[in-house]
Every structure is written in C-alpha cells, then in structure tokens.
$ cat final27.cif   # mmCIF, C-alpha atoms
data_data
#
loop_
_atom_site.label_atom_id
_atom_site.label_comp_id
_atom_site.auth_asym_id
_atom_site.auth_seq_id
_atom_site.Cartn_x
_atom_site.Cartn_y
_atom_site.Cartn_z
CA MET A 258 10.84 -17.13 -15.24
CA LYS A 259 13.37 -16.56 -12.49
CA LYS A 260 13.23 -12.80 -13.02
CA TRP A 261 9.43 -12.88 -13.04
CA LEU A 262 9.36 -14.69 -9.72
CA GLN A 263 11.88 -12.27 -8.29
CA TYR A 264 9.73 -9.26 -9.08
CA PHE A 265 6.29 -10.60 -8.54
CA SER A 266 5.35 -13.85 -7.05
CA VAL A 267 1.96 -14.29 -5.76
CA LEU A 268 -1.00 -14.34 -3.89
CA ALA A 269 0.14 -12.30 -1.29
CA CYS A 270 2.02 -9.81 -2.99
CA ALA A 271 4.05 -9.22 -0.06
CA PHE A 272 5.72 -6.91 -2.02
CA LEU A 273 8.21 -5.03 -0.49
CA CYS A 274 7.60 -5.39 -2.91
CA PHE A 275 4.61 -6.79 -4.27
CA LEU A 276 4.00 -10.40 -4.89
CA CYS A 277 2.45 -12.12 -7.68
CA ILE A 278 0.90 -15.42 -8.05
CA VAL A 279 2.55 -18.36 -9.61
CA GLY A 280 1.12 -21.08 -11.75
CA PHE A 281 -2.63 -21.04 -11.86
CA SER A 282 -5.34 -21.07 -14.48
CA SER A 283 -6.83 -17.70 -15.37
CA ALA A 284 -10.20 -19.05 -14.31
CA ALA A 285 -8.95 -20.15 -10.91
CA PRO A 286 -8.25 -18.03 -7.84
CA LEU A 287 -4.74 -17.27 -6.71
CA GLN A 288 -2.69 -19.99 -5.11
CA ASP A 289 0.47 -19.42 -3.06
CA ALA A 290 2.54 -16.27 -2.91
CA HIS A 291 6.24 -15.70 -2.38
CA PRO A 292 7.43 -12.21 -1.49
CA PRO A 293 10.00 -10.84 -3.95
CA ILE A 294 11.77 -8.24 -1.82
CA HIS A 295 13.36 -5.09 -3.22
CA ILE A 296 16.28 -4.11 -1.01
CA LYS A 297 19.31 -1.88 -1.28
CA ASN A 298 22.24 -1.07 0.99
CA ASN A 299 21.06 -3.09 3.96
CA GLY A 300 23.04 -3.61 7.14
CA ALA A 301 23.93 0.00 7.97
CA THR A 302 22.56 2.57 10.37
CA PRO A 303 19.72 4.34 8.56
CA ASN A 304 20.45 7.74 7.08
CA TYR A 305 19.58 9.74 4.01
CA GLN A 306 21.81 7.60 1.81
CA ASN A 307 20.40 4.20 2.78
CA GLY A 308 16.72 4.80 3.16
CA PHE A 309 14.39 7.70 3.81
CA ALA A 310 13.43 8.12 7.46
CA PRO A 311 9.84 8.81 8.60
CA ALA A 312 10.51 12.53 9.06
CA GLN A 313 11.73 12.79 5.47
CA ILE A 314 8.75 10.97 3.97
CA LYS A 315 6.40 13.08 6.09
CA LYS A 316 8.09 16.26 4.91
CA MET A 317 7.98 15.32 1.23
CA TYR A 318 4.31 14.30 1.28
CA GLY A 319 3.14 17.14 3.54
CA LEU A 320 2.29 15.02 6.56
CA ASP A 321 4.50 17.22 8.74
CA ARG A 322 2.30 20.21 7.88
CA LEU A 323 -0.92 18.59 9.06
CA SER A 324 -2.59 19.86 12.19
CA SER A 325 -1.25 18.03 15.24
CA THR A 326 -4.78 16.77 15.88
CA TYR A 327 -4.37 14.27 13.02
CA THR A 328 -2.74 11.34 14.83
CA GLY A 329 -4.99 8.38 14.04
CA ALA A 330 -6.28 8.25 17.61
CA GLY A 331 -9.38 6.07 17.89
CA GLN A 332 -8.68 4.30 14.59
CA THR A 333 -7.55 0.72 13.94
CA ILE A 334 -5.38 -0.13 10.95
CA ALA A 335 -5.31 -3.83 10.08
CA ILE A 336 -2.23 -5.21 8.34
CA ILE A 337 -2.66 -8.49 6.43
CA ASP A 338 0.48 -10.58 5.98
CA ALA A 339 1.21 -14.27 5.55
CA TYR A 340 3.55 -15.95 8.05
CA GLY A 341 4.16 -12.67 9.89
CA SER A 342 7.42 -12.12 11.73
CA PRO A 343 8.64 -13.77 14.94
CA THR A 344 10.62 -10.62 15.75
CA ILE A 345 8.09 -7.90 14.90
CA VAL A 346 7.53 -6.69 18.48
CA ASN A 347 11.25 -6.11 19.03
CA ASP A 348 11.80 -4.77 15.51
CA LEU A 349 9.05 -2.18 15.92
CA GLN A 350 10.57 -1.03 19.21
CA VAL A 351 13.98 -0.60 17.57
CA PHE A 352 12.41 1.36 14.69
CA ASN A 353 10.49 3.62 17.08
CA THR A 354 13.56 4.30 19.22
CA GLN A 355 15.72 5.10 16.20
CA PHE A 356 13.26 7.62 14.80
CA GLY A 357 11.77 9.06 17.99
CA LEU A 358 8.31 7.60 17.50
CA PRO A 359 5.95 6.82 20.39
CA PRO A 360 5.31 3.22 21.46
CA ALA A 361 2.80 1.46 19.24
CA ASP A 362 -0.47 -0.17 20.28
CA LEU A 363 0.11 -3.44 18.42
CA THR A 364 -2.10 -6.53 18.57
CA ILE A 365 -1.23 -9.71 16.67
CA ALA A 366 -3.92 -12.19 15.64
CA TYR A 367 -3.66 -15.64 14.04
CA PRO A 368 -7.14 -16.49 12.68
CA ASN A 369 -5.94 -19.69 10.95
CA GLY A 370 -3.56 -20.68 13.74
CA LYS A 371 0.12 -19.82 14.02
CA PRO A 372 2.31 -20.54 10.99
CA ASN A 373 4.40 -23.68 11.06
CA LYS A 374 7.48 -21.83 9.86
CA ALA A 375 9.04 -18.41 9.54
CA ASP A 376 9.53 -16.86 6.13
CA GLY A 377 12.26 -14.25 5.75
CA GLY A 378 10.61 -12.41 2.88
CA TRP A 379 7.26 -12.15 4.62
CA ALA A 380 8.98 -11.13 7.85
CA LEU A 381 10.60 -8.19 6.07
CA GLU A 382 7.26 -7.32 4.50
CA THR A 383 5.62 -7.45 7.93
CA SER A 384 8.24 -5.08 9.35
CA LEU A 385 7.73 -2.65 6.47
CA ASP A 386 3.96 -2.65 6.83
CA VAL A 387 3.74 -2.33 10.60
CA GLU A 388 6.59 0.13 11.09
CA TRP A 389 5.46 2.55 8.41
CA ALA A 390 1.74 2.43 9.17
CA HIS A 391 2.72 3.41 12.71
CA ALA A 392 5.06 6.13 11.45
CA VAL A 393 2.28 7.81 9.46
CA ALA A 394 -0.51 7.39 12.06
CA PRO A 395 1.34 7.04 15.39
CA GLN A 396 -1.73 6.99 17.65
CA ALA A 397 -3.74 4.49 15.62
CA LYS A 398 -4.02 0.93 16.85
CA ILE A 399 -2.28 -1.62 14.66
CA LEU A 400 -3.95 -5.00 14.24
CA LEU A 401 -1.50 -7.36 12.54
CA VAL A 402 -3.51 -10.29 11.18
CA VAL A 403 -1.22 -13.15 10.25
CA ALA A 404 -2.39 -15.70 7.70
CA LYS A 405 -1.02 -19.18 8.41
CA SER A 406 0.16 -19.43 4.81
CA ALA A 407 0.01 -17.43 1.59
CA THR A 408 -2.99 -19.23 0.11
CA LEU A 409 -5.96 -17.18 -1.00
CA SER A 410 -8.26 -18.88 1.50
CA ASN A 411 -5.99 -18.05 4.44
CA LEU A 412 -5.37 -14.48 3.33
CA LEU A 413 -9.07 -13.78 2.79
CA ALA A 414 -9.83 -15.33 6.17
CA ALA A 415 -7.39 -12.81 7.60
CA VAL A 416 -9.19 -9.98 5.78
CA ASP A 417 -12.53 -11.18 7.13
CA TYR A 418 -11.09 -11.37 10.64
CA ALA A 419 -9.83 -7.79 10.41
CA THR A 420 -13.17 -6.41 9.26
CA SER A 421 -15.04 -8.22 12.04
CA HIS A 422 -12.62 -7.09 14.76
CA GLY A 423 -12.87 -3.34 14.58
CA ALA A 424 -10.56 -2.27 11.75
CA GLN A 425 -11.57 0.93 9.96
CA VAL A 426 -8.98 0.36 7.23
CA VAL A 427 -7.26 -2.81 6.00
CA SER A 428 -3.86 -2.80 4.27
CA ASN A 429 -3.06 -5.59 1.80
CA SER A 430 0.51 -5.70 0.47
CA TRP A 431 -0.27 -8.82 -1.53
CA GLY A 432 -1.99 -9.80 -4.72
CA GLY A 433 -1.60 -11.75 -7.90
CA SER A 434 -2.55 -12.03 -11.53
CA GLU A 435 -6.19 -11.60 -12.43
CA PHE A 436 -8.50 -14.61 -12.86
CA SER A 437 -11.92 -14.78 -14.48
CA SER A 438 -13.86 -15.54 -11.29
CA GLU A 439 -12.26 -12.77 -9.23
CA ALA A 440 -15.43 -10.66 -9.00
CA SER A 441 -17.04 -13.42 -6.97
CA TYR A 442 -14.39 -12.82 -4.29
CA ASP A 443 -14.93 -9.04 -4.16
CA SER A 444 -17.49 -9.50 -1.38
CA HIS A 445 -14.57 -9.83 1.05
CA PHE A 446 -13.87 -6.14 0.40
CA GLN A 447 -17.38 -4.72 0.74
CA ARG A 448 -17.84 -4.47 4.51
CA SER A 449 -19.65 -1.22 5.35
CA GLY A 450 -17.53 1.29 7.25
CA VAL A 451 -14.21 -0.25 6.22
CA VAL A 452 -11.71 0.94 3.58
CA TYR A 453 -9.50 -1.63 1.86
CA VAL A 454 -6.13 -0.74 0.35
CA ALA A 455 -3.87 -2.91 -1.84
CA SER A 456 -0.57 -2.59 -3.67
CA SER A 457 -0.91 -2.49 -7.46
CA GLY A 458 2.09 -4.75 -8.13
CA ASP A 459 5.78 -4.50 -8.93
CA ASN A 460 5.93 -6.11 -12.36
CA GLY A 461 5.17 -3.07 -14.49
CA SER A 462 2.16 -2.92 -16.79
CA GLY A 463 -0.47 -5.48 -15.92
CA MET A 464 -3.22 -5.94 -13.38
CA SER A 465 -3.22 -7.54 -9.97
CA TRP A 466 -6.12 -8.66 -7.81
CA PRO A 467 -7.36 -7.53 -5.28
CA ALA A 468 -6.03 -4.15 -6.46
CA SER A 469 -8.19 -4.58 -9.57
CA SER A 470 -11.34 -4.80 -7.45
CA PRO A 471 -13.44 -1.62 -7.66
CA TYR A 472 -13.92 -1.89 -3.88
CA VAL A 473 -10.18 -1.64 -3.14
CA LEU A 474 -7.97 1.45 -3.23
CA SER A 475 -5.10 0.50 -5.54
CA VAL A 476 -1.69 2.07 -4.82
CA GLY A 477 0.93 2.35 -7.55
CA GLY A 478 4.56 3.39 -7.33
CA THR A 479 6.86 6.31 -8.05
CA THR A 480 10.50 7.29 -7.97
CA LEU A 481 10.67 10.05 -5.36
CA ASN A 482 13.34 12.74 -5.75
CA ALA A 483 14.49 14.94 -2.88
CA ASP A 484 17.02 17.73 -2.56
CA SER A 485 19.91 17.83 -0.12
CA THR A 486 17.61 19.07 2.66
CA GLY A 487 15.17 16.21 2.15
CA SER A 488 12.52 18.44 0.57
CA TYR A 489 10.28 17.24 -2.26
CA VAL A 490 11.62 17.95 -5.74
CA SER A 491 9.69 15.71 -8.12
CA GLU A 492 8.30 12.25 -8.80
CA SER A 493 8.14 10.05 -11.87
CA GLY A 494 6.30 6.83 -12.49
CA TRP A 495 8.37 3.87 -11.27
CA SER A 496 9.13 1.27 -13.94
CA GLY A 497 7.78 -1.52 -11.74
CA SER A 498 4.46 0.15 -10.91
CA GLY A 499 1.61 -2.24 -11.68
CA GLY A 500 -1.11 -0.70 -13.79
CA GLY A 501 -3.54 -1.18 -16.62
CA ALA A 502 -7.19 -1.99 -17.26
CA SER A 503 -8.82 -5.06 -15.76
CA SER A 504 -9.82 -7.96 -17.96
CA TYR A 505 -12.78 -8.85 -15.73
CA GLU A 506 -13.87 -5.96 -13.48
CA SER A 507 -16.13 -3.32 -15.04
CA ARG A 508 -15.28 0.35 -14.79
CA PRO A 509 -16.68 1.77 -11.54
CA SER A 510 -18.67 5.00 -11.69
CA TYR A 511 -15.93 6.98 -9.95
CA GLU A 512 -13.68 6.36 -12.98
CA ASP A 513 -16.25 7.55 -15.52
CA ILE A 514 -14.48 10.89 -15.75
CA TRP A 515 -11.39 9.02 -16.99
CA GLN A 516 -13.13 6.59 -19.33
CA THR A 517 -10.98 7.75 -22.24
CA VAL A 518 -8.00 6.33 -20.31
CA VAL A 519 -9.45 3.18 -18.75
CA GLY A 520 -12.11 2.23 -21.31
CA SER A 521 -14.93 -0.03 -20.13
CA TYR A 522 -13.00 -1.79 -17.37
CA ARG A 523 -11.56 -0.94 -13.98
CA GLY A 524 -8.34 1.04 -14.24
CA SER A 525 -5.47 0.71 -11.78
CA PRO A 526 -3.78 2.21 -9.83
CA ASP A 527 -5.92 4.86 -8.16
CA VAL A 528 -3.12 6.72 -6.38
CA SER A 529 0.62 6.39 -5.87
CA TRP A 530 3.46 6.53 -3.34
CA ASP A 531 7.23 6.14 -3.37
CA ALA A 532 8.16 2.60 -4.47
CA ASP A 533 11.52 2.63 -6.25
CA PRO A 534 14.02 0.73 -4.03
CA ASN A 535 16.66 3.25 -5.11
CA THR A 536 14.58 5.90 -3.34
CA GLY A 537 13.37 3.47 -0.69
CA VAL A 538 12.96 3.69 3.05
CA ALA A 539 14.59 2.39 6.19
CA VAL A 540 13.08 -0.77 7.70
CA TYR A 541 14.36 -2.75 10.68
CA ASP A 542 13.99 -6.53 10.56
CA SER A 543 15.98 -8.93 12.73
CA THR A 544 14.53 -12.06 11.14
CA SER A 545 17.11 -13.23 8.65
CA TYR A 546 16.45 -12.41 5.00
CA SER A 547 18.97 -13.71 2.45
CA GLY A 548 21.38 -14.30 5.31
CA GLN A 549 21.21 -10.72 6.57
CA LYS A 550 19.32 -8.93 9.30
CA GLY A 551 19.07 -5.44 10.75
CA TRP A 552 18.47 -2.30 8.73
CA PHE A 553 17.33 -2.56 5.12
CA GLN A 554 16.56 -0.01 2.44
CA VAL A 555 13.41 -1.24 0.77
CA GLY A 556 10.93 -0.30 -1.92
CA GLY A 557 8.02 -1.67 -3.91
CA THR A 558 4.36 -0.77 -4.14
CA SER A 559 3.75 -2.57 -0.88
CA PHE A 560 5.30 0.45 0.84
CA GLY A 561 2.39 2.57 -0.36
CA ALA A 562 -0.41 0.30 0.87
CA PRO A 563 0.18 0.70 4.64
CA CYS A 564 0.99 4.40 4.23
CA TRP A 565 -2.21 5.16 2.33
CA ALA A 566 -4.10 3.02 4.85
CA ALA A 567 -2.62 5.15 7.62
CA MET A 568 -3.65 8.35 5.80
CA ILE A 569 -7.20 7.02 5.53
CA ALA A 570 -7.08 6.47 9.30
CA LEU A 571 -5.99 10.09 9.77
CA ALA A 572 -8.83 11.31 7.56
CA ASP A 573 -11.33 9.08 9.37
CA GLN A 574 -10.40 10.54 12.74
CA GLY A 575 -13.17 12.80 13.98
CA ARG A 576 -15.69 11.96 11.24
CA SER A 577 -19.24 11.36 12.40
CA THR A 578 -19.51 8.45 9.98
CA PRO A 579 -16.45 6.51 8.83
CA LEU A 580 -15.28 6.39 5.27
CA THR A 581 -16.19 3.18 3.53
CA ASN A 582 -14.60 1.29 0.66
CA TYR A 583 -16.37 2.65 -2.41
CA ASN A 584 -17.06 6.19 -1.23
CA ALA A 585 -13.50 6.71 0.04
CA ILE A 586 -12.12 5.91 -3.41
CA ALA A 587 -14.83 7.96 -5.12
CA ASN A 588 -14.02 10.93 -2.89
CA LEU A 589 -10.34 10.72 -3.77
CA TYR A 590 -11.30 10.93 -7.45
CA SER A 591 -13.83 13.72 -6.97
CA ILE A 592 -11.36 15.83 -4.99
CA ALA A 593 -9.05 15.70 -8.00
CA GLY A 594 -11.78 15.86 -10.63
CA ALA A 595 -14.72 17.78 -11.90
CA THR A 596 -16.09 18.89 -8.53
CA ASP A 597 -12.91 20.80 -7.65
CA SER A 598 -11.00 22.46 -10.45
CA LEU A 599 -8.09 23.12 -8.09
CA GLY A 600 -8.08 19.62 -6.63
CA TYR A 601 -5.08 18.45 -8.58
CA THR A 602 -3.09 21.60 -7.93
CA ASN A 603 -3.91 21.72 -4.25
CA ASP A 604 -4.19 18.13 -3.10
CA TYR A 605 -2.07 15.91 -5.36
CA HIS A 606 1.25 15.75 -7.12
CA ASP A 607 0.12 15.10 -10.70
CA ILE A 608 2.90 12.86 -12.02
CA ASN A 609 3.40 13.15 -15.77
CA LYS A 610 6.76 11.46 -16.34
CA GLY A 611 7.86 7.84 -16.30
CA SER A 612 6.60 4.53 -17.67
CA ASN A 613 5.81 1.03 -16.43
CA GLY A 614 6.64 -0.57 -19.76
CA GLY A 615 3.13 -0.64 -21.18
CA TYR A 616 1.85 2.81 -20.22
CA SER A 617 3.30 6.26 -19.68
CA ALA A 618 2.50 8.77 -16.98
CA GLN A 619 0.68 11.83 -18.29
CA ALA A 620 -1.17 14.90 -17.10
CA GLY A 621 -4.26 13.83 -15.19
CA TYR A 622 -5.07 10.21 -14.44
CA ASP A 623 -2.83 7.53 -15.93
CA LEU A 624 -2.24 3.78 -15.68
CA VAL A 625 1.17 4.15 -14.03
CA THR A 626 0.51 6.48 -11.09
CA GLY A 627 -3.29 6.89 -11.08
CA ILE A 628 -4.38 10.30 -9.81
CA GLY A 629 -0.93 10.89 -8.34
CA SER A 630 0.71 11.10 -4.92
CA PRO A 631 -0.64 13.07 -1.97
CA LYS A 632 -0.12 16.56 -0.68
CA ALA A 633 -1.32 15.21 2.63
CA ASP A 634 -1.66 18.52 4.47
CA LEU A 635 -4.44 19.46 2.05
CA LEU A 636 -5.77 16.09 0.90
CA ILE A 637 -6.41 14.59 4.34
CA PRO A 638 -8.55 17.52 5.61
CA ALA A 639 -10.46 17.47 2.30
CA LEU A 640 -11.09 13.75 2.69
CA ASN A 641 -12.05 14.25 6.33
CA LYS A 642 -14.76 16.70 5.26
CA SER A 643 -15.96 14.69 2.25
CA LYS A 644 -19.33 12.99 2.12
#
$ encode --input "final27.cif" --output "structure tokens"
Amino acid sequence: MKKWLQYFSVLACAFLCFLCIVGFSSAAPLQDAHPPIHIKNNGATPNYQNGFAPAQIKKMYGLDRLSSTYTGAGQTIAIIDAYGSPTIVNDLQVFNTQFGLPPADLTIAYPNGKPNKADGGWALETSLDVEWAHAVAPQAKILLVVAKSATLSNLLAAVDYATSHGAQVVSNSWGGSEFSSEASYDSHFQRSGVVYVASSGDNGSGMSWPASSPYVLSVGGTTLNADSTGSYVSESGWSGSGGGASSYESRPSYEDIWQTVVGSYRGSPDVSWDADPNTGVAVYDSTSYSGQKGWFQVGGTSFGAPCWAAMIALADQGRSTPLTNYNAIANLYSIAGATDSLGYTNDYHDINKGSNGGYSAQAGYDLVTGIGSPKADLLIPALNKSK
C-alpha cells in the first residue's frame, strides 16, 4: 500500500509524477489526491547529469528546428494544480534566468479561494508544469488555476474556470482510478475551441481518469536516451507509464484504426513524452519538499502533459479556427494513420520497446506509449494545417 501511494495517489495526479486516487468505490468519483513525486539528484546546479535543460529537450524532440514564428504568441495555456505554490513567481524567474528564457506572462487564479495550506508535493508539481509549459511555448500566456484542495469538485471547478477565461488548451497533471460514473463528468472536457491534456499515470498498466476520457489527450511516458552531445538516440516505454483499455469509456472513432489493440473501449495513452525520473528534467522549486528545496531532477507522466499542451498552443497559433478537444486528438491519430502513410516516419518516434508491466510497446499504436513521441518540427506544422 505504501508503495502504491508513493507512485500514484489520487485525484489530482500531480504527478511529477502522476497521482492516483485513494480509497473510493469504483462507482464513486475521485476523492483526494496526494502527489507522489519522482525526483533524483536534487540540490545541485542543473546540468546534463542532473536533469535535462530546455534546450536539450527541444533538441531531442525537434522543437529547436521549428520555424521561429512558432512561439505560442496569442495563446493561453491553463495549468490546473491543487494548492499551487507560494513561491512559483520567484521560482519561474530563477528557471528563466538559468536557461535564458524570456519573462513569462503568468496569471494566477484561485476560483475556490486560496488554499489554507501549502503542500510541498503540489508545489513541486506546480513548478514543473509552469516552468516547462513556458519553456516549450515561451510567448504563450500561462494561466495557473489553483484548486483550493485536491478534491474532484475543486479540480473540476478549476478546469471550468480555465475554459471560461480564455484558455485554448488546459493541462491536467492529475487523475485517479476509473469509476463507473466517470462518463457523466466528461462534459467538463467538451468546451468548444479548447483542447484538454492529461497525464496517463505513473503506476504502470491501468487506466486513469480524466486521461481515459475520449475528450482528453492522454500522455504516457518514455525513457529518453541521448548521446554525449544531447542529441536524440532512442526511447523505450517507461515502466511506470499508465496505459490500457478503459472499463467504462467506449472506443472513440479516432481509435477505430487501432481496434485490434484497444478493443471496444477507449485506449490510453494517445501520445508520449519523457517521464523516467532517471532521464528527467531540471525544475526549480524553493518551497520545501521532503526537507529540500532548490533544483530537482524530476520525471513522471505529468511532465508530458504541460509540454504537449504547449505544443498544442504552438500548433494553434495562426489557425483561423482553434483546435478543439476531439478533433485535435483525431488529427494526431490521422497524421500517423491511414491518411498519411509517411506520418509515423515523418512526424513521430514510433516506440517499440519497453513495457509498463501489463502491456509491451510495439510497432504502431500500443498501450504503453500510444502513437509515440513527437518530431515536433514536422508534427506541429502538420497539426497547424489540419482540419
């Protein structure tokens, strides 16, 4: 039980992991979440050995090869976190200075009122989400929406606030075990003109909601391997990457091409991103976590949620009509699928090694890494031009 809580607590899968929910009936919605944080080698100045820097992640995923016009300008990325961080403004400034990033346009909102306490795990999650969304889309506005607590009602109120206050994309590094009435909550993720992204979970095979919703882009995890110059070498499915077939959500039409893999129910994840804490990234957080503060090397599928949200913001920039939840996910599948025989080769790293304990990565779509990870210099323009 202790290990389970460590890797996956709940409702708000603040997963620097991802969180997972604790103690509720399968028919009931998620209750409270506690962020299980994956850290390594914290407390030192960031370098290649103790966390990838933004320039390295951009190089490995092709973001550095994008046209300079893709900055996220005019877009708003909402970040949903419980409790937030009392030091996020300062921490973001330190992160930007260290890595030569421009100042961020950050707004913080408290739709349920300010939290009554700070939470070290959620503070670290908040730093991860905000710092890396800004690193990927440096000219996008960041709307940090802080839920007063990690209850489902407060987190969904934060999601609703984000969608009614101008966000084009909403990042959710939280979630929990599926429950039989979850489809009745999917309406929170169906706002027209908004794309919702969620981490798939850090507990290996198994489903998490809201990542299991067909209206949410589910992001799984990989182990990312680089050479001595920081260039991409390979990826494998991370052992903690949440994935499987939903027990309650029917297969959406965009997964019909992969019905032999997912069966009759929604498969997850859709896509992937680096998540292994051993190949994790540098995050600055001066709110104490486990008695330490400063630089941390972190991982978990919650790293992928804000980064994919930021890539959606880049793709949305300059479109006459914004991407929306269902069609954004469908377009990601169609780019890799039947409508483009070169989609996989050109636009994705098709990851065919690794396992999450219940499933193995394979050629094409799989229940560990989904379609795969991005070759952003080709995928983002393709998504920008998609219907």
$ closest_residue --input "final27.cif" --among "A:Pro368, A:Gly341, A:Pro395, A:Gly524" --to "Pro311 of chain A" --atoms "all atoms listed in the file"
A:Pro395
$ residues_around --input "final27.cif" --residues "Pro579 of chain A" --least-positions-apart "4" --cutoff "12 Å" --atoms "all atoms listed in the file" --output "list in words"
Gly331, Gln332, Thr333, Gly423, Ala424, Gln425, Val426, Arg448, Ser449, Gly450, Val451, Val452, Ile569, Ala570, Leu571, Ala572, Asp573, Gln574, Gly575, Tyr583, Asn584, Ala585, Leu640, Asn641, Lys642, Ser643 and Lys644 of chain A
$ write_last_selection --input "final27.cif" --atoms "C-alpha atoms" --output "compact mmCIF listing (two decimals), in the frame of the given file"
# COMPACT_ATOMS: atom_id res chain seq x y z
CA GLY A 331 -9.38 6.07 17.89
CA GLN A 332 -8.68 4.30 14.59
CA THR A 333 -7.55 0.72 13.94
CA GLY A 423 -12.87 -3.34 14.58
CA ALA A 424 -10.56 -2.27 11.75
CA GLN A 425 -11.57 0.93 9.96
CA VAL A 426 -8.98 0.36 7.23
CA ARG A 448 -17.84 -4.47 4.51
CA SER A 449 -19.65 -1.22 5.35
CA GLY A 450 -17.53 1.29 7.25
CA VAL A 451 -14.21 -0.25 6.22
CA VAL A 452 -11.71 0.94 3.58
CA ILE A 569 -7.20 7.02 5.53
CA ALA A 570 -7.08 6.47 9.30
CA LEU A 571 -5.99 10.09 9.77
CA ALA A 572 -8.83 11.31 7.56
CA ASP A 573 -11.33 9.08 9.37
CA GLN A 574 -10.40 10.54 12.74
CA GLY A 575 -13.17 12.80 13.98
CA TYR A 583 -16.37 2.65 -2.41
CA ASN A 584 -17.06 6.19 -1.23
CA ALA A 585 -13.50 6.71 0.04
CA LEU A 640 -11.09 13.75 2.69
CA ASN A 641 -12.05 14.25 6.33
CA LYS A 642 -14.76 16.70 5.26
CA SER A 643 -15.96 14.69 2.25
CA LYS A 644 -19.33 12.99 2.12
$ closest_residue --input "final27.cif" --among "A:Gly561, A:Gly370, A:Gly548, A:Pro471" --to "Tyr522 of chain A" --atoms "all atoms listed in the file"
A:Pro471
$ atom_distance --input "final27.cif" --atom1 "atom CA of Asn307 of chain A" --atom2 "atom CA of Trp552 of chain A"
9.0 Å
$ resolve_selection --input "final27.cif" --expression "the PyMOL selection byres ((chain A and resi 372) around 9)" --output "VMD selection string"
chain A and resid 339 to 341 367 369 to 371 373 to 375 403 to 406
$ residues_around --input "final27.cif" --residues "Glu439 of chain A" --least-positions-apart "3" --cutoff "8 Å" --atoms "only C-alpha atoms" --output "ChimeraX atom specification"
/A:286,435-436,442-443,466,505
$ resolve_selection --input "final27.cif" --expression "the PyMOL selection byres ((chain A and resi 486) around 12)" --output "PDB file with C-alpha atoms, keeping the file's coordinate frame"
ATOM      1  CA  TYR A 305      19.580   9.740   4.010  1.00  0.00           C
ATOM      2  CA  PHE A 309      14.390   7.700   3.810  1.00  0.00           C
ATOM      3  CA  ALA A 312      10.510  12.530   9.060  1.00  0.00           C
ATOM      4  CA  GLN A 313      11.730  12.790   5.470  1.00  0.00           C
ATOM      5  CA  LYS A 316       8.090  16.260   4.910  1.00  0.00           C
ATOM      6  CA  MET A 317       7.980  15.320   1.230  1.00  0.00           C
ATOM      7  CA  ASN A 482      13.340  12.740  -5.750  1.00  0.00           C
ATOM      8  CA  ALA A 483      14.490  14.940  -2.880  1.00  0.00           C
ATOM      9  CA  ASP A 484      17.020  17.730  -2.560  1.00  0.00           C
ATOM     10  CA  SER A 485      19.910  17.830  -0.120  1.00  0.00           C
ATOM     11  CA  GLY A 487      15.170  16.210   2.150  1.00  0.00           C
ATOM     12  CA  SER A 488      12.520  18.440   0.570  1.00  0.00           C
ATOM     13  CA  TYR A 489      10.280  17.240  -2.260  1.00  0.00           C
ATOM     14  CA  VAL A 490      11.620  17.950  -5.740  1.00  0.00           C
TER      15      VAL A 490
END
$ resolve_selection --input "final27.cif" --expression "the PyMOL selection byres ((chain A and resi 606) around 7)" --output "list of chain:residue names"
A:Tyr605, A:Asp607, A:Ile608, A:Gly629, A:Ser630, A:Pro631, A:Lys632
$ closest_residue --input "final27.cif" --among "A:Gly433, A:Gln549, A:Pro563, A:Thr558" --to "Asp459 of chain A" --atoms "only C-alpha atoms"
A:Thr558
$ atom_distance --input "final27.cif" --atom1 "atom CA of Ser559 of chain A" --atom2 "atom CA of Gly463 of chain A"
15.9 Å
$ closest_atom_pairs --input "final27.cif" --of "segment 351-410 of chain A" --to "segment 416-419 of chain A" --cutoff "9 Å" --atoms "all atoms listed in the file" --output "tab-separated table"
residue	atom	partner	partner_atom	distance
A:Ala366	CA	A:Tyr418	CA	8.8
A:Pro368	CA	A:Tyr418	CA	6.8
A:Leu400	CA	A:Ala419	CA	7.6
A:Leu401	CA	A:Ala419	CA	8.6
A:Val402	CA	A:Ala419	CA	6.8
$ atom_distance --input "final27.cif" --atom1 "atom CA of Asp634 of chain A" --atom2 "atom CA of Gly319 of chain A"
5.1 Å
$ residues_near_point --input "final27.cif" --point "(16.1, -11.7, 11.9)" --cutoff "9 Å" --atoms "only C-alpha atoms" --output "PyMOL selection string"
chain A and resi 342-344+348+377+380-381+542-546+548-551
$ closest_residue --input "final27.cif" --among "A:Trp389, A:Ser384, A:Ile586, A:Gly458" --to "Leu358 of chain A" --atoms "only C-alpha atoms"
A:Trp389
$ build_atoms --input "final27.cif" --residues "segment 571-583 of chain A" --atoms "N, CA and C atoms" --output "mmCIF file, in the coordinates of the input"
data_model
loop_
_atom_site.group_PDB
_atom_site.id
_atom_site.type_symbol
_atom_site.label_atom_id
_atom_site.label_comp_id
_atom_site.auth_asym_id
_atom_site.auth_seq_id
_atom_site.Cartn_x
_atom_site.Cartn_y
_atom_site.Cartn_z
ATOM 1 N N LEU A 571 -6.059 8.685 9.363
ATOM 2 C CA LEU A 571 -5.990 10.090 9.770
ATOM 3 C C LEU A 571 -7.231 10.848 9.325
ATOM 4 N N ALA A 572 -7.655 10.619 8.083
ATOM 5 C CA ALA A 572 -8.830 11.310 7.560
ATOM 6 C C ALA A 572 -10.103 10.877 8.266
ATOM 7 N N ASP A 573 -10.151 9.617 8.687
ATOM 8 C CA ASP A 573 -11.330 9.080 9.370
ATOM 9 C C ASP A 573 -11.486 9.637 10.776
ATOM 10 N N GLN A 574 -10.381 10.055 11.365
ATOM 11 C CA GLN A 574 -10.400 10.540 12.740
ATOM 12 C C GLN A 574 -11.318 11.753 12.861
ATOM 13 N N GLY A 575 -12.283 11.677 13.739
ATOM 14 C CA GLY A 575 -13.170 12.800 13.980
ATOM 15 C C GLY A 575 -14.384 12.864 13.070
ATOM 16 N N ARG A 576 -14.495 11.982 12.086
ATOM 17 C CA ARG A 576 -15.690 11.960 11.240
ATOM 18 C C ARG A 576 -16.869 11.388 12.015
ATOM 19 N N SER A 577 -18.054 11.902 11.741
ATOM 20 C CA SER A 577 -19.240 11.360 12.400
ATOM 21 C C SER A 577 -19.597 9.989 11.862
ATOM 22 N N THR A 578 -19.337 9.776 10.582
ATOM 23 C CA THR A 578 -19.510 8.450 9.980
ATOM 24 C C THR A 578 -18.219 8.090 9.268
ATOM 25 N N PRO A 579 -17.738 6.865 9.429
ATOM 26 C CA PRO A 579 -16.450 6.510 8.830
ATOM 27 C C PRO A 579 -16.525 6.420 7.316
ATOM 28 N N LEU A 580 -15.391 6.650 6.697
ATOM 29 C CA LEU A 580 -15.280 6.390 5.270
ATOM 30 C C LEU A 580 -15.495 4.906 5.027
ATOM 31 N N THR A 581 -16.014 4.583 3.873
ATOM 32 C CA THR A 581 -16.190 3.180 3.530
ATOM 33 C C THR A 581 -15.536 2.921 2.177
ATOM 34 N N ASN A 582 -15.422 1.653 1.814
ATOM 35 C CA ASN A 582 -14.600 1.290 0.660
ATOM 36 C C ASN A 582 -14.866 2.121 -0.592
ATOM 37 N N TYR A 583 -16.076 2.035 -1.122
ATOM 38 C CA TYR A 583 -16.370 2.650 -2.410
ATOM 39 C C TYR A 583 -16.354 4.169 -2.329
#
